[in-house]
>>> print(open('query-v1.cif').read())   # mmCIF, C-alpha atoms
data_entry
#
loop_
_atom_site.label_atom_id
_atom_site.label_comp_id
_atom_site.auth_asym_id
_atom_site.auth_seq_id
_atom_site.Cartn_x
_atom_site.Cartn_y
_atom_site.Cartn_z
CA MET A 215 7.37 0.73 -11.53
CA GLN A 216 6.51 1.16 -15.17
CA ILE A 217 3.39 2.34 -16.93
CA THR A 218 2.53 1.46 -20.49
CA THR A 219 -0.58 2.14 -22.52
CA SER A 220 -2.19 0.46 -25.47
CA ASP A 221 -4.84 2.22 -27.41
CA SER A 222 -7.49 0.55 -29.51
CA ASN A 223 -10.51 2.05 -31.26
CA ASP A 224 -12.86 1.21 -28.45
CA TYR A 225 -10.83 1.50 -25.26
CA ILE A 226 -7.47 2.26 -23.68
CA ILE A 227 -5.53 -0.15 -21.51
CA ILE A 228 -3.06 1.15 -18.96
CA ASN A 229 -0.61 -1.38 -17.57
CA ILE A 230 0.82 -0.57 -14.19
CA ILE A 231 3.81 -2.83 -13.71
CA GLY A 232 5.82 -3.48 -10.55
CA ARG A 233 5.31 -1.69 -7.26
CA LEU A 234 3.00 1.24 -6.62
CA ASP A 235 4.21 2.42 -3.22
CA SER A 236 5.73 5.36 -1.37
CA GLY A 237 8.85 5.10 -3.54
CA THR A 238 7.01 5.24 -6.87
CA ALA A 239 3.74 7.08 -6.12
CA GLU A 240 5.11 10.48 -7.05
CA GLU A 241 6.30 9.26 -10.44
CA ALA A 242 2.93 7.57 -11.08
CA GLU A 243 1.03 10.68 -10.01
CA HIS A 244 3.11 12.73 -12.40
CA TRP A 245 2.49 10.28 -15.23
CA ILE A 246 -1.23 10.28 -14.64
CA SER A 247 -1.52 14.05 -14.40
CA SER A 248 0.16 14.41 -17.79
CA PHE A 249 -2.02 11.72 -19.34
CA SER A 250 -4.64 13.21 -21.62
CA MET A 251 -7.86 11.30 -21.62
CA GLN A 252 -9.86 11.04 -24.80
CA PRO A 253 -13.42 12.09 -24.15
CA GLY A 254 -15.84 9.23 -23.71
CA LYS A 255 -13.25 6.50 -24.21
CA PRO A 256 -13.39 3.71 -21.63
CA LEU A 257 -10.19 2.99 -19.72
CA ILE A 258 -9.02 -0.30 -18.31
CA MET A 259 -6.30 -0.43 -15.66
CA ASP A 260 -4.50 -3.70 -16.24
CA PHE A 261 -3.07 -4.89 -12.90
CA ALA A 262 -1.78 -8.27 -14.09
CA GLU A 263 1.80 -7.21 -13.43
CA LEU A 264 1.15 -4.99 -10.44
CA GLU A 265 3.07 -6.78 -7.71
CA TYR A 266 2.44 -4.57 -4.72
CA ILE A 267 0.39 -1.59 -3.63
CA SER A 268 0.47 0.43 -0.41
CA SER A 269 -1.59 3.39 0.79
CA ALA A 270 0.62 5.77 -1.20
CA GLY A 271 -0.30 3.86 -4.36
CA LEU A 272 -3.96 3.69 -3.40
CA ARG A 273 -3.96 7.46 -3.15
CA VAL A 274 -2.73 7.73 -6.74
CA ILE A 275 -5.40 5.31 -7.98
CA PHE A 276 -8.05 7.17 -6.00
CA ASN A 277 -7.12 10.51 -7.57
CA PHE A 278 -7.00 8.93 -11.01
CA ALA A 279 -10.46 7.39 -10.51
CA ARG A 280 -11.78 10.74 -9.37
CA SER A 281 -10.49 12.53 -12.45
CA LEU A 282 -11.87 9.81 -14.74
CA LYS A 283 -15.22 10.08 -13.05
CA LYS A 284 -15.13 13.83 -13.48
CA SER A 285 -14.30 13.59 -17.17
CA GLY A 286 -17.05 11.00 -17.61
CA ASN A 287 -14.78 8.17 -18.75
CA LYS A 288 -15.84 4.68 -17.84
CA PHE A 289 -13.08 2.81 -16.01
CA GLY A 290 -12.30 -0.46 -14.30
CA VAL A 291 -9.50 -2.68 -13.01
CA TRP A 292 -8.58 -5.82 -14.89
CA LYS A 293 -6.63 -8.96 -13.88
CA ALA A 294 -5.74 -7.79 -10.38
CA GLN A 295 -3.81 -10.40 -8.39
CA ASP A 296 -5.60 -11.75 -5.32
CA HIS A 297 -3.59 -9.79 -2.74
CA ILE A 298 -4.09 -6.54 -4.65
CA ARG A 299 -7.81 -7.27 -4.93
CA GLU A 300 -7.89 -7.89 -1.17
CA ILE A 301 -6.28 -4.50 -0.46
CA PHE A 302 -8.85 -2.87 -2.75
CA GLU A 303 -11.64 -4.52 -0.77
CA ILE A 304 -10.20 -3.62 2.64
CA SER A 305 -9.93 -0.02 1.45
CA GLY A 306 -13.45 0.03 0.03
CA PHE A 307 -12.10 0.82 -3.42
CA ASP A 308 -14.12 -2.02 -4.94
CA SER A 309 -17.24 0.06 -4.35
CA PHE A 310 -16.20 2.72 -6.85
CA ILE A 311 -13.70 0.94 -9.11
CA PRO A 312 -15.34 -2.02 -10.80
CA MET A 313 -13.38 -5.21 -11.38
CA VAL A 314 -13.42 -6.10 -15.05
CA ASN A 315 -13.91 -9.78 -15.85
CA THR A 316 -13.91 -9.58 -19.62
CA ILE A 317 -13.43 -6.56 -21.84
CA GLU A 318 -16.60 -7.41 -23.79
CA GLU A 319 -18.66 -7.38 -20.60
CA PHE A 320 -17.02 -4.14 -19.47
CA LEU A 321 -17.77 -2.36 -22.74
CA GLU A 322 -21.44 -3.33 -22.78
CA MET B 141 14.94 -16.94 14.93
CA LYS B 142 14.93 -13.20 15.22
CA VAL B 143 15.93 -10.63 12.62
CA HIS B 144 16.74 -6.99 13.30
CA PHE B 145 16.57 -4.05 10.94
CA PHE B 146 17.53 -0.42 11.36
CA LEU B 147 15.96 2.13 9.08
CA ASP B 148 16.58 5.80 8.47
CA SER B 149 15.00 8.25 6.05
CA SER B 150 17.33 7.45 3.14
CA GLU B 151 15.88 5.78 0.07
CA ASP B 152 18.25 2.81 0.24
CA SER B 153 17.22 2.05 3.76
CA PHE B 154 13.72 0.82 3.05
CA GLU B 155 14.85 -0.95 -0.11
CA ALA B 156 17.40 -2.95 1.91
CA PHE B 157 14.67 -3.88 4.38
CA ARG B 158 12.40 -5.02 1.57
CA MET B 159 15.02 -7.23 0.00
CA GLN B 160 15.95 -8.88 3.27
CA CYS B 161 12.29 -9.47 4.03
CA GLU B 162 11.75 -11.16 0.68
CA ASN B 163 14.57 -13.56 1.53
CA LEU B 164 12.79 -14.55 4.73
CA ALA B 165 10.02 -16.28 2.76
CA GLU B 166 12.28 -19.25 2.15
CA THR B 167 14.06 -19.22 5.51
CA TRP B 168 10.81 -19.18 7.42
CA ASP B 169 8.79 -21.18 4.93
CA VAL B 170 6.05 -18.60 4.72
CA SER B 171 4.07 -17.50 1.67
CA HIS B 172 5.06 -14.57 -0.49
CA LYS B 173 1.71 -13.00 0.41
CA ILE B 174 2.62 -12.93 4.12
CA ILE B 175 5.96 -11.33 3.29
CA LEU B 176 4.21 -8.65 1.19
CA GLU B 177 1.89 -7.95 4.13
CA ILE B 178 4.86 -7.54 6.50
CA ILE B 179 6.55 -5.17 4.04
CA LEU B 180 3.27 -3.23 3.78
CA ILE B 181 2.90 -2.93 7.57
CA ILE B 182 6.43 -1.56 7.94
CA GLU B 183 6.14 0.70 4.87
CA GLU B 184 3.02 2.33 6.27
CA LEU B 185 4.59 2.94 9.70
CA TYR B 186 7.85 4.05 8.11
CA THR B 187 6.31 6.60 5.73
CA ASN B 188 3.97 7.83 8.42
CA PHE B 189 6.86 8.44 10.80
CA PHE B 190 9.14 10.21 8.36
CA LYS B 191 6.28 12.32 7.03
CA TYR B 192 5.35 13.76 10.38
CA CYS B 193 8.54 13.71 12.46
CA SER B 194 10.66 16.81 12.89
CA THR B 195 14.00 16.97 11.17
CA GLU B 196 15.71 18.59 14.12
CA PHE B 197 17.20 15.39 15.42
CA ALA B 198 18.38 12.11 13.92
CA ASN B 199 15.36 9.95 13.40
CA SER B 200 15.56 6.23 13.31
CA ILE B 201 13.38 3.17 13.28
CA GLU B 202 14.20 -0.26 14.58
CA VAL B 203 12.23 -3.29 13.45
CA SER B 204 12.51 -6.85 14.66
CA LEU B 205 10.77 -9.88 13.26
CA GLU B 206 10.61 -13.12 15.16
CA ARG B 207 9.05 -16.41 14.19
CA ALA B 208 7.33 -17.98 17.20
CA GLY B 209 5.48 -21.15 16.24
CA PRO B 210 2.39 -20.24 14.24
CA ASP B 211 2.93 -16.54 14.89
CA LEU B 212 5.20 -13.83 13.76
CA LEU B 213 6.08 -11.16 16.29
CA ILE B 214 6.78 -7.75 14.82
CA VAL B 215 8.29 -5.07 17.04
CA TYR B 216 8.56 -1.54 15.69
CA LYS B 217 10.36 1.25 17.58
CA ASP B 218 10.92 4.87 16.69
CA ASN B 219 12.57 7.71 18.57
CA GLY B 220 9.94 10.34 17.73
CA PRO B 221 7.80 12.31 20.16
CA VAL B 222 5.02 10.46 22.01
CA PHE B 223 2.65 9.20 19.35
CA ASN B 224 0.55 6.10 18.93
CA PRO B 225 -0.29 5.78 15.22
CA LEU B 226 -2.68 2.91 15.98
CA GLN B 227 -5.06 5.37 17.60
CA VAL B 228 -5.52 7.19 14.32
CA GLU B 229 -9.08 6.75 13.18
CA SER B 230 -9.73 4.76 10.02
CA PRO B 231 -11.54 6.48 7.19
CA ASP B 232 -15.12 5.37 6.68
CA ILE B 233 -14.67 3.09 3.70
CA ARG B 234 -18.42 2.77 3.13
CA ARG B 235 -18.85 6.44 2.32
CA PRO B 236 -19.90 7.29 -1.22
CA PHE B 237 -17.02 7.94 -3.59
CA GLU B 238 -17.91 11.63 -3.94
CA GLU B 239 -17.48 12.16 -0.19
CA ARG B 240 -14.34 10.15 0.29
CA GLN B 241 -10.82 11.45 0.82
CA ALA B 242 -7.82 10.01 -0.99
CA GLY B 243 -5.65 9.32 2.04
CA GLY B 244 -5.66 7.92 5.54
CA LEU B 245 -5.61 4.27 4.57
CA GLY B 246 -2.13 3.34 5.79
CA ILE B 247 -2.90 2.60 9.44
CA HIS B 248 -6.22 1.05 8.43
CA LEU B 249 -4.25 -1.49 6.37
CA VAL B 250 -1.78 -2.09 9.21
CA ARG B 251 -4.58 -2.92 11.64
CA HIS B 252 -6.18 -5.22 9.11
CA PHE B 253 -3.07 -7.29 8.45
CA VAL B 254 -2.15 -8.04 12.07
CA ASP B 255 -3.98 -10.13 14.64
CA SER B 256 -3.14 -8.07 17.73
CA TYR B 257 -1.26 -4.91 18.60
CA THR B 258 -0.08 -2.94 21.62
CA TYR B 259 1.55 0.44 22.07
CA ALA B 260 4.05 1.44 24.76
CA ARG B 261 6.30 4.41 25.42
CA LYS B 262 9.63 3.41 26.90
CA ASP B 263 13.14 4.93 26.96
CA GLU B 264 11.84 7.86 24.88
CA LYS B 265 10.70 5.51 22.15
CA ASN B 266 7.34 4.60 20.70
CA ILE B 267 7.09 0.84 20.71
CA LEU B 268 4.50 -1.05 18.71
CA ARG B 269 4.20 -4.81 19.09
CA PHE B 270 2.21 -6.87 16.66
CA THR B 271 1.40 -10.52 16.34
CA LYS B 272 0.51 -12.00 13.01
CA THR B 273 -0.56 -15.58 12.46
CA ILE B 274 1.30 -17.06 9.54
CA LYS B 275 0.10 -20.64 9.49
#
>>> encode(input="query-v1.cif", output="structure tokens")
Amino acid sequence: MQITTSDSNDYIIINIIGRLDSGTAEEAEHWISSFSMQPGKPLIMDFAELEYISSAGLRVIFNFARSLKKSGNKFGVWKAQDHIREIFEISGFDSFIPMVNTIEEFLE
Amino acid sequence: MKVHFFLDSSEDSFEAFRMQCENLAETWDVSHKIILEIILIIEELYTNFFKYCSTEFANSIEVSLERAGPDLLIVYKDNGPVFNPLQVESPDIRRPFEERQAGGLGIHLVRHFVDSYTYARKDEKNILRFTKTIK
């Protein structure tokens, strides 16, 4: 699992790459807790290269979403693969983490 | 064709299982998605077991996968105390975000990705049998 960020003037993209599971959740949790969010800046979680997620990974995403909500940062998930999207739906995560179709639409 | 796996709490153990599972996609001519779902089912049961079991005795898990026509039979056994994880209640996924808890989704996912399941206690082992349609 690897996490990279790219920062533009208008938004931040976080790429979560590989597997977010019981083996990597702790590392991801640690990364996220040390991540300092810029006030008001929208954040996009890019899942294009996220290959696999289990409940341990969902927990990390849930906690991240909760802290972003608390800090008032707009957030969404972008380019999730079909099986990841399905797991989001089964878990009801799609009700509080919007799926981003295009960045322009998301920023509106 | 039947494949057996033995897992313990070491990190390498689950990784070995994962890699062997990924190789089954070709052998059994099933989609990568199905393989990921099988890995997910076992990961959830595996982490659940090693999170809650006592460390007083040697814990182990045995998994067998068998292709039977359009179905895959998954048998999971552990040597823990009497416990049926499939009875664990699913979280209410329709609750508003503010009221939801982060965890409890593992067994919910397991139940979703199989077509039937049974629990039995035999020879001091918890035995879960699943069928999963793969075609």
>>> residues_around(input="query-v1.cif", residues="region 244-260 of chain B", least_positions_apart="6", cutoff="6 Å", atoms="only C-alpha atoms", output="PDB file with C-alpha atoms, keeping the file's coordinate frame")
ATOM      1  CA  SER A 269      -1.590   3.390   0.790  1.00  0.00           C
TER       2      SER A 269
ATOM      3  CA  ILE B 181       2.900  -2.930   7.570  1.00  0.00           C
ATOM      4  CA  GLU B 184       3.020   2.330   6.270  1.00  0.00           C
ATOM      5  CA  SER B 230      -9.730   4.760  10.020  1.00  0.00           C
ATOM      6  CA  ILE B 267       7.090   0.840  20.710  1.00  0.00           C
ATOM      7  CA  LEU B 268       4.500  -1.050  18.710  1.00  0.00           C
ATOM      8  CA  ARG B 269       4.200  -4.810  19.090  1.00  0.00           C
ATOM      9  CA  PHE B 270       2.210  -6.870  16.660  1.00  0.00           C
ATOM     10  CA  THR B 271       1.400 -10.520  16.340  1.00  0.00           C
ATOM     11  CA  LYS B 272       0.510 -12.000  13.010  1.00  0.00           C
TER      12      LYS B 272
END
>>> residues_around(input="query-v1.cif", residues="region 185-188 of chain B", least_positions_apart="3", cutoff="10 Å", atoms="all atoms listed in the file", output="MDAnalysis selection string")
(chainID A and resid 236:237 269:270) or (chainID B and resid 147:149 154 180:182 191:193 200:201 216:218 225:226 246:247 250 268)
>>> resolve_selection(input="query-v1.cif", expression="the PyMOL selection byres ((chain A and resi 315) around 12)", output="list of chain:residue names")
A:Ile258, A:Asp260, A:Gly290, A:Val291, A:Trp292, A:Lys293, A:Ala294, A:Pro312, A:Met313, A:Val314, A:Thr316, A:Ile317, A:Glu318, A:Glu319, A:Phe320, A:Leu321
>>> resolve_selection(input="query-v1.cif", expression="the PyMOL selection byres ((chain A) within 10 of (chain B))", output="ChimeraX atom specification")
/A:235-237,265-277,279-280,283,296-297,301,303-307,309-311
>>> write_last_selection(input="query-v1.cif", atoms="C-alpha atoms", output="PDB file, in the coordinates of the input")
ATOM      1  CA  ASP A 235       4.210   2.420  -3.220  1.00  0.00           C
ATOM      2  CA  SER A 236       5.730   5.360  -1.370  1.00  0.00           C
ATOM      3  CA  GLY A 237       8.850   5.100  -3.540  1.00  0.00           C
ATOM      4  CA  GLU A 265       3.070  -6.780  -7.710  1.00  0.00           C
ATOM      5  CA  TYR A 266       2.440  -4.570  -4.720  1.00  0.00           C
ATOM      6  CA  ILE A 267       0.390  -1.590  -3.630  1.00  0.00           C
ATOM      7  CA  SER A 268       0.470   0.430  -0.410  1.00  0.00           C
ATOM      8  CA  SER A 269      -1.590   3.390   0.790  1.00  0.00           C
ATOM      9  CA  ALA A 270       0.620   5.770  -1.200  1.00  0.00           C
ATOM     10  CA  GLY A 271      -0.300   3.860  -4.360  1.00  0.00           C
ATOM     11  CA  LEU A 272      -3.960   3.690  -3.400  1.00  0.00           C
ATOM     12  CA  ARG A 273      -3.960   7.460  -3.150  1.00  0.00           C
ATOM     13  CA  VAL A 274      -2.730   7.730  -6.740  1.00  0.00           C
ATOM     14  CA  ILE A 275      -5.400   5.310  -7.980  1.00  0.00           C
ATOM     15  CA  PHE A 276      -8.050   7.170  -6.000  1.00  0.00           C
ATOM     16  CA  ASN A 277      -7.120  10.510  -7.570  1.00  0.00           C
ATOM     17  CA  ALA A 279     -10.460   7.390 -10.510  1.00  0.00           C
ATOM     18  CA  ARG A 280     -11.780  10.740  -9.370  1.00  0.00           C
ATOM     19  CA  LYS A 283     -15.220  10.080 -13.050  1.00  0.00           C
ATOM     20  CA  ASP A 296      -5.600 -11.750  -5.320  1.00  0.00           C
ATOM     21  CA  HIS A 297      -3.590  -9.790  -2.740  1.00  0.00           C
ATOM     22  CA  ILE A 301      -6.280  -4.500  -0.460  1.00  0.00           C
ATOM     23  CA  GLU A 303     -11.640  -4.520  -0.770  1.00  0.00           C
ATOM     24  CA  ILE A 304     -10.200  -3.620   2.640  1.00  0.00           C
ATOM     25  CA  SER A 305      -9.930  -0.020   1.450  1.00  0.00           C
ATOM     26  CA  GLY A 306     -13.450   0.030   0.030  1.00  0.00           C
ATOM     27  CA  PHE A 307     -12.100   0.820  -3.420  1.00  0.00           C
ATOM     28  CA  SER A 309     -17.240   0.060  -4.350  1.00  0.00           C
ATOM     29  CA  PHE A 310     -16.200   2.720  -6.850  1.00  0.00           C
ATOM     30  CA  ILE A 311     -13.700   0.940  -9.110  1.00  0.00           C
TER      31      ILE A 311
END
>>> residues_around(input="query-v1.cif", residues="Ser222 (chain A)", least_positions_apart="6", cutoff="12 Å", atoms="only C-alpha atoms", output="mmCIF file with C-alpha atoms, keeping the file's coordinate frame")
data_model
loop_
_atom_site.group_PDB
_atom_site.id
_atom_site.type_symbol
_atom_site.label_atom_id
_atom_site.label_comp_id
_atom_site.auth_asym_id
_atom_site.auth_seq_id
_atom_site.Cartn_x
_atom_site.Cartn_y
_atom_site.Cartn_z
ATOM 1 C CA ILE A 228 -3.060 1.150 -18.960
ATOM 2 C CA GLN A 252 -9.860 11.040 -24.800
ATOM 3 C CA LYS A 255 -13.250 6.500 -24.210
ATOM 4 C CA PRO A 256 -13.390 3.710 -21.630
ATOM 5 C CA LEU A 257 -10.190 2.990 -19.720
ATOM 6 C CA ILE A 258 -9.020 -0.300 -18.310
#
>>> residues_around(input="query-v1.cif", residues="Met141 (chain B)", least_positions_apart="5", cutoff="10 Å", atoms="all atoms listed in the file", output="ChimeraX atom specification")
/B:167-168,205-208
>>> residues_near_point(input="query-v1.cif", point="(2.8, -20.9, 14.0)", cutoff="10 Å", atoms="all atoms listed in the file", output="PyMOL selection string")
chain B and resi 207-212+272-275
>>> closest_residue(input="query-v1.cif", among="A:Ile217, A:Arg299, A:Asp308, A:Glu322", to="Glu243 (chain A)", atoms="all atoms listed in the file")
A:Ile217
>>> residues_around(input="query-v1.cif", residues="Gln216 (chain A)", least_positions_apart="2", cutoff="10 Å", atoms="only C-alpha atoms", output="VMD selection string")
chain A and resid 218 229 to 234 238 241 to 242 245 263 to 264
>>> atom_distance(input="query-v1.cif", atom1="CA of Phe145 (chain B)", atom2="CA of Asn219 (chain B)")
14.6 Å
>>> atom_distance(input="query-v1.cif", atom1="CA of Ile175 (chain B)", atom2="CA of Glu162 (chain B)")
6.4 Å
>>> atom_distance(input="query-v1.cif", atom1="CA of Phe261 (chain A)", atom2="CA of Gln160 (chain B)")
25.3 Å
